[in-house]
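Enquirer: Here's a structure for you.
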Number of protein chains: 2
Amino acid sequence: MDRLDKKILRLMQEDATLAVADIAKKVGLSTTPCWRRIQKLEEEGVIQRRVAVLNPEKVNTRVNVFISIRTSAHSLEWLKRFSEVVQEFPEVVEFYRMSGDVDYLIRVVVPDIAAYDAFYKKLIAKIEIRDVSSAFAMEQIKYTTQLPLDYMVLEKDGNASAAG
Amino acid sequence: MDRLDKKILRLMQEDATLAVADIAKKVGLSTTPCWRRIQKLEEEGVIQRRVAVLNPEKVNTRVNVFISIRTSAHSLEWLKRFSEVVQEFPEVVEFYRMSGDVDYLIRVVVPDIAAYDAFYKKLIAKIEIRDVSSAFAMEQIKYTTQLPLDYMVLEKDGNASAAG
DNA sequence: GCTGAAACGCGCGACTT
DNA sequence: AAGTCGCGCGTTTCAGC
């Protein structure tokens, strides 16, 4: 990956509808080499997928809730099942195992507080959870799928095809 | 929006590279009406954009950090500036104003703890922040851009073109 | 609002430097 | 590696039901 790949990724993170010819123009390439780079980035798994991003308001999932869970007293068996159960809910859009005070952090999207309550009941019906606390977001100030590319490790020029 | 729009959205949230003809087939429509529905969903802002989703590992942003901020003692002026400053950092991928104990919650992506430290220094160089605490994710168990569509409000059939 | 087909542009590959 | 050319597919539009 070099400077041009980085430019390509930056553009595609913003807008995946851009025609290859347009991307090519913007990065200073002609279409074929640009197309080949994009293919390679897909094969290598740098580009994972192209998705449509929907407006949460329009699909009635305005409300973001963060659930913090402490699991200190639970068994390994429980932890495994917990992880599986939580993941399966479509309302769960993010799920992290944390270091420190809180053990797990979950982001859930729902229409309103009542729906959250219903979700919470569905969840605890499937698995016993001891130490939970929920925090509601009043406003989503920023949400982006764009990862910063400033940390990318670039290969030196003239040596672009080493195996990963 | 009806049942077919919902199906279309479900498919496009998963894979925005699907050809219109393929989507049409899967929802039981032919290409033209399916294409028109997609156009309409874009015009209405239900579909906000199509983006490429990158592999965080491959672009060297493995580490997720959640920053909790309490702002009780700050002025309105400060709050405004705070919001602007934080948003501008490309490492900040999510940013919420919360209710309850914590006032703001930020998700940041960086390569490692050292990079987080550098980010943190950049941040506090730009704005004074009093009550901050950082929590590191050990593992991203789930991350999806797909919103649940189960809460969508569908219009009755035979009344498909009412204004929003 | 649907189907079918035509027109156009773009993705993709073969070949060249 | 990158560029030019061209075929075929997919998107988009249009005529008719």
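As shown in the structure tokens, the chain order sets the letters A, B, ...; within each chain, residues go from 1, and ligands are also counted from 1 in the order they appear.
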Find the residues of chain B in contact range of chain D, meaning any atom within 9 Å when counting only C-alpha atoms (C1' of nucleotides), and list them as a PDB file with N, CA and C atoms, in the first residue's frame.
Expert:
ATOM      1  N   ALA B  19     -26.260  -5.546  -7.839  1.00  0.00           N
ATOM      2  CA  ALA B  19     -26.853  -4.911  -9.014  1.00  0.00           C
ATOM      3  C   ALA B  19     -28.347  -4.729  -8.779  1.00  0.00           C
ATOM      4  N   VAL B  20     -28.892  -3.669  -9.333  1.00  0.00           N
ATOM      5  CA  VAL B  20     -30.320  -3.401  -9.180  1.00  0.00           C
ATOM      6  C   VAL B  20     -31.140  -4.607  -9.623  1.00  0.00           C
ATOM      7  N   ALA B  21     -30.711  -5.242 -10.688  1.00  0.00           N
ATOM      8  CA  ALA B  21     -31.430  -6.421 -11.191  1.00  0.00           C
ATOM      9  C   ALA B  21     -31.452  -7.542 -10.156  1.00  0.00           C
ATOM     10  N   THR B  32     -36.892  -1.975 -13.238  1.00  0.00           N
ATOM     11  CA  THR B  32     -37.321  -0.569 -13.277  1.00  0.00           C
ATOM     12  C   THR B  32     -38.014  -0.115 -11.982  1.00  0.00           C
ATOM     13  N   TRP B  35     -35.528   0.017  -9.217  1.00  0.00           N
ATOM     14  CA  TRP B  35     -34.628   1.160  -9.392  1.00  0.00           C
ATOM     15  C   TRP B  35     -35.298   2.458  -8.924  1.00  0.00           C
TER      16      TRP B  35
END
Enquirer: Residues of chain C were defined as contacting chain B if any atom lay at most 10 Å from it, counting only C-alpha atoms (C1' of nucleotides); please report them as a list in words.
Expert: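 That gives the following set of residues: DG1, DC2, DT3 and DG4 of chain C.
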Enquirer: With only C-alpha atoms considered, list every residue of chain B at most 6 Å from chain A, as a PyMOL selection string.
Expert: chain B and resi 12-16+46-55+58-60+90-91+93-99+136-144+148+151-152
Enquirer: Those residues with N, CA and C atoms, as an mmCIF file, in the first residue's frame please?
Expert:
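This went into out.cif:
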data_model
loop_
_atom_site.group_PDB
_atom_site.id
_atom_site.type_symbol
_atom_site.label_atom_id
_atom_site.label_comp_id
_atom_site.auth_asym_id
_atom_site.auth_seq_id
_atom_site.Cartn_x
_atom_site.Cartn_y
_atom_site.Cartn_z
ATOM 1 N N MET B 12 -29.439 -3.664 0.887
ATOM 2 C CA MET B 12 -28.421 -2.648 0.608
ATOM 3 C C MET B 12 -27.563 -2.313 1.818
ATOM 4 N N GLN B 13 -28.136 -2.507 3.005
ATOM 5 C CA GLN B 13 -27.324 -2.327 4.215
ATOM 6 C C GLN B 13 -26.249 -3.403 4.308
ATOM 7 N N GLU B 14 -26.559 -4.573 3.753
ATOM 8 C CA GLU B 14 -25.591 -5.664 3.797
ATOM 9 C C GLU B 14 -24.545 -5.542 2.711
ATOM 10 N N ASP B 15 -24.999 -5.166 1.525
ATOM 11 C CA ASP B 15 -24.109 -5.173 0.372
ATOM 12 C C ASP B 15 -24.568 -4.172 -0.668
ATOM 13 N N ALA B 16 -23.853 -3.074 -0.733
ATOM 14 C CA ALA B 16 -24.237 -2.008 -1.657
ATOM 15 C C ALA B 16 -23.678 -2.223 -3.057
ATOM 16 N N VAL B 46 -33.570 8.460 3.204
ATOM 17 C CA VAL B 46 -33.530 7.215 3.979
ATOM 18 C C VAL B 46 -32.155 6.561 3.784
ATOM 19 N N ILE B 47 -31.753 6.465 2.516
ATOM 20 C CA ILE B 47 -30.373 6.063 2.208
ATOM 21 C C ILE B 47 -29.532 7.331 2.191
ATOM 22 N N GLN B 48 -28.614 7.430 3.129
ATOM 23 C CA GLN B 48 -27.806 8.646 3.232
ATOM 24 C C GLN B 48 -26.606 8.619 2.308
ATOM 25 N N ARG B 49 -25.950 7.486 2.231
ATOM 26 C CA ARG B 49 -24.774 7.371 1.390
ATOM 27 C C ARG B 49 -24.380 5.912 1.204
ATOM 28 N N ARG B 50 -23.495 5.661 0.255
ATOM 29 C CA ARG B 50 -22.866 4.345 0.118
ATOM 30 C C ARG B 50 -21.402 4.555 0.424
ATOM 31 N N VAL B 51 -20.884 3.714 1.278
ATOM 32 C CA VAL B 51 -19.488 3.871 1.671
ATOM 33 C C VAL B 51 -18.749 2.544 1.637
ATOM 34 N N ALA B 52 -17.443 2.632 1.530
ATOM 35 C CA ALA B 52 -16.594 1.454 1.687
ATOM 36 C C ALA B 52 -16.240 1.323 3.160
ATOM 37 N N VAL B 53 -16.416 0.125 3.698
ATOM 38 C CA VAL B 53 -16.042 -0.153 5.085
ATOM 39 C C VAL B 53 -14.678 -0.832 5.086
ATOM 40 N N LEU B 54 -13.735 -0.233 5.767
ATOM 41 C CA LEU B 54 -12.362 -0.750 5.781
ATOM 42 C C LEU B 54 -12.114 -1.621 7.000
ATOM 43 N N ASN B 55 -11.108 -2.456 6.883
ATOM 44 C CA ASN B 55 -10.658 -3.299 7.983
ATOM 45 C C ASN B 55 -9.745 -2.482 8.897
ATOM 46 N N LYS B 58 -6.072 -3.371 9.079
ATOM 47 C CA LYS B 58 -5.259 -3.100 7.890
ATOM 48 C C LYS B 58 -4.881 -1.634 7.745
ATOM 49 N N VAL B 59 -5.646 -0.780 8.368
ATOM 50 C CA VAL B 59 -5.275 0.638 8.300
ATOM 51 C C VAL B 59 -4.700 1.118 9.633
ATOM 52 N N ASN B 60 -4.354 0.118 10.461
ATOM 53 C CA ASN B 60 -3.616 0.397 11.691
ATOM 54 C C ASN B 60 -4.403 1.243 12.696
ATOM 55 N N PRO B 90 -10.016 13.312 13.228
ATOM 56 C CA PRO B 90 -10.420 12.129 12.467
ATOM 57 C C PRO B 90 -10.415 10.858 13.319
ATOM 58 N N GLU B 91 -9.669 10.860 14.402
ATOM 59 C CA GLU B 91 -9.652 9.691 15.294
ATOM 60 C C GLU B 91 -10.987 9.521 16.016
ATOM 61 N N VAL B 93 -14.526 8.834 15.992
ATOM 62 C CA VAL B 93 -15.483 8.265 15.045
ATOM 63 C C VAL B 93 -16.929 8.339 15.553
ATOM 64 N N GLU B 94 -17.081 8.466 16.868
ATOM 65 C CA GLU B 94 -18.415 8.666 17.428
ATOM 66 C C GLU B 94 -18.332 9.635 18.597
ATOM 67 N N PHE B 95 -19.431 10.371 18.795
ATOM 68 C CA PHE B 95 -19.420 11.443 19.793
ATOM 69 C C PHE B 95 -20.871 11.694 20.202
ATOM 70 N N TYR B 96 -21.159 11.455 21.481
ATOM 71 C CA TYR B 96 -22.534 11.557 21.964
ATOM 72 C C TYR B 96 -22.634 12.496 23.154
ATOM 73 N N ARG B 97 -23.728 13.232 23.202
ATOM 74 C CA ARG B 97 -24.098 13.949 24.417
ATOM 75 C C ARG B 97 -25.032 13.040 25.196
ATOM 76 N N MET B 98 -24.664 12.796 26.441
ATOM 77 C CA MET B 98 -25.366 11.783 27.227
ATOM 78 C C MET B 98 -26.258 12.414 28.291
ATOM 79 N N SER B 99 -27.189 11.611 28.750
ATOM 80 C CA SER B 99 -27.919 11.992 29.956
ATOM 81 C C SER B 99 -27.258 11.267 31.122
ATOM 82 N N PHE B 136 -10.289 1.454 27.640
ATOM 83 C CA PHE B 136 -9.785 0.782 26.437
ATOM 84 C C PHE B 136 -10.560 -0.497 26.156
ATOM 85 N N ALA B 137 -10.863 -0.683 24.886
ATOM 86 C CA ALA B 137 -11.487 -1.943 24.479
ATOM 87 C C ALA B 137 -10.398 -2.971 24.201
ATOM 88 N N MET B 138 -10.593 -4.183 24.724
ATOM 89 C CA MET B 138 -9.646 -5.270 24.468
ATOM 90 C C MET B 138 -10.013 -5.984 23.178
ATOM 91 N N GLU B 139 -11.284 -5.903 22.824
ATOM 92 C CA GLU B 139 -11.792 -6.694 21.701
ATOM 93 C C GLU B 139 -13.065 -6.049 21.181
ATOM 94 N N GLN B 140 -13.172 -5.978 19.870
ATOM 95 C CA GLN B 140 -14.426 -5.521 19.259
ATOM 96 C C GLN B 140 -15.211 -6.770 18.868
ATOM 97 N N ILE B 141 -16.198 -7.117 19.679
ATOM 98 C CA ILE B 141 -16.921 -8.364 19.468
ATOM 99 C C ILE B 141 -17.929 -8.226 18.341
ATOM 100 N N LYS B 142 -18.544 -7.062 18.254
ATOM 101 C CA LYS B 142 -19.477 -6.799 17.150
ATOM 102 C C LYS B 142 -19.366 -5.341 16.729
ATOM 103 N N TYR B 143 -19.365 -5.128 15.431
ATOM 104 C CA TYR B 143 -19.491 -3.776 14.899
ATOM 105 C C TYR B 143 -20.244 -3.881 13.591
ATOM 106 N N THR B 144 -21.364 -3.228 13.528
ATOM 107 C CA THR B 144 -22.113 -3.242 12.272
ATOM 108 C C THR B 144 -22.677 -1.861 11.977
ATOM 109 N N PRO B 148 -31.294 -1.921 12.802
ATOM 110 C CA PRO B 148 -32.424 -2.851 12.781
ATOM 111 C C PRO B 148 -33.592 -2.196 12.044
ATOM 112 N N TYR B 151 -38.242 -1.759 13.452
ATOM 113 C CA TYR B 151 -39.020 -0.665 14.040
ATOM 114 C C TYR B 151 -39.568 0.293 12.991
ATOM 115 N N MET B 152 -39.208 0.046 11.717
ATOM 116 C CA MET B 152 -39.671 0.932 10.637
ATOM 117 C C MET B 152 -41.187 1.059 10.632
#
Enquirer: Give me every strand (DSSP E) residue in chain B, going by DSSP on the backbone, as number ranges by chain.
Expert: B: 47-54, 63-70, 92-98, 104-110, 131-143
Enquirer: Here is a test: counting only C-alpha atoms (C1' of nucleotides), which residue of A:Ser68, A:Ile8, A:Asp2, A:Asp22 is nearest to DC10 of chain C?
Expert: A:Asp22
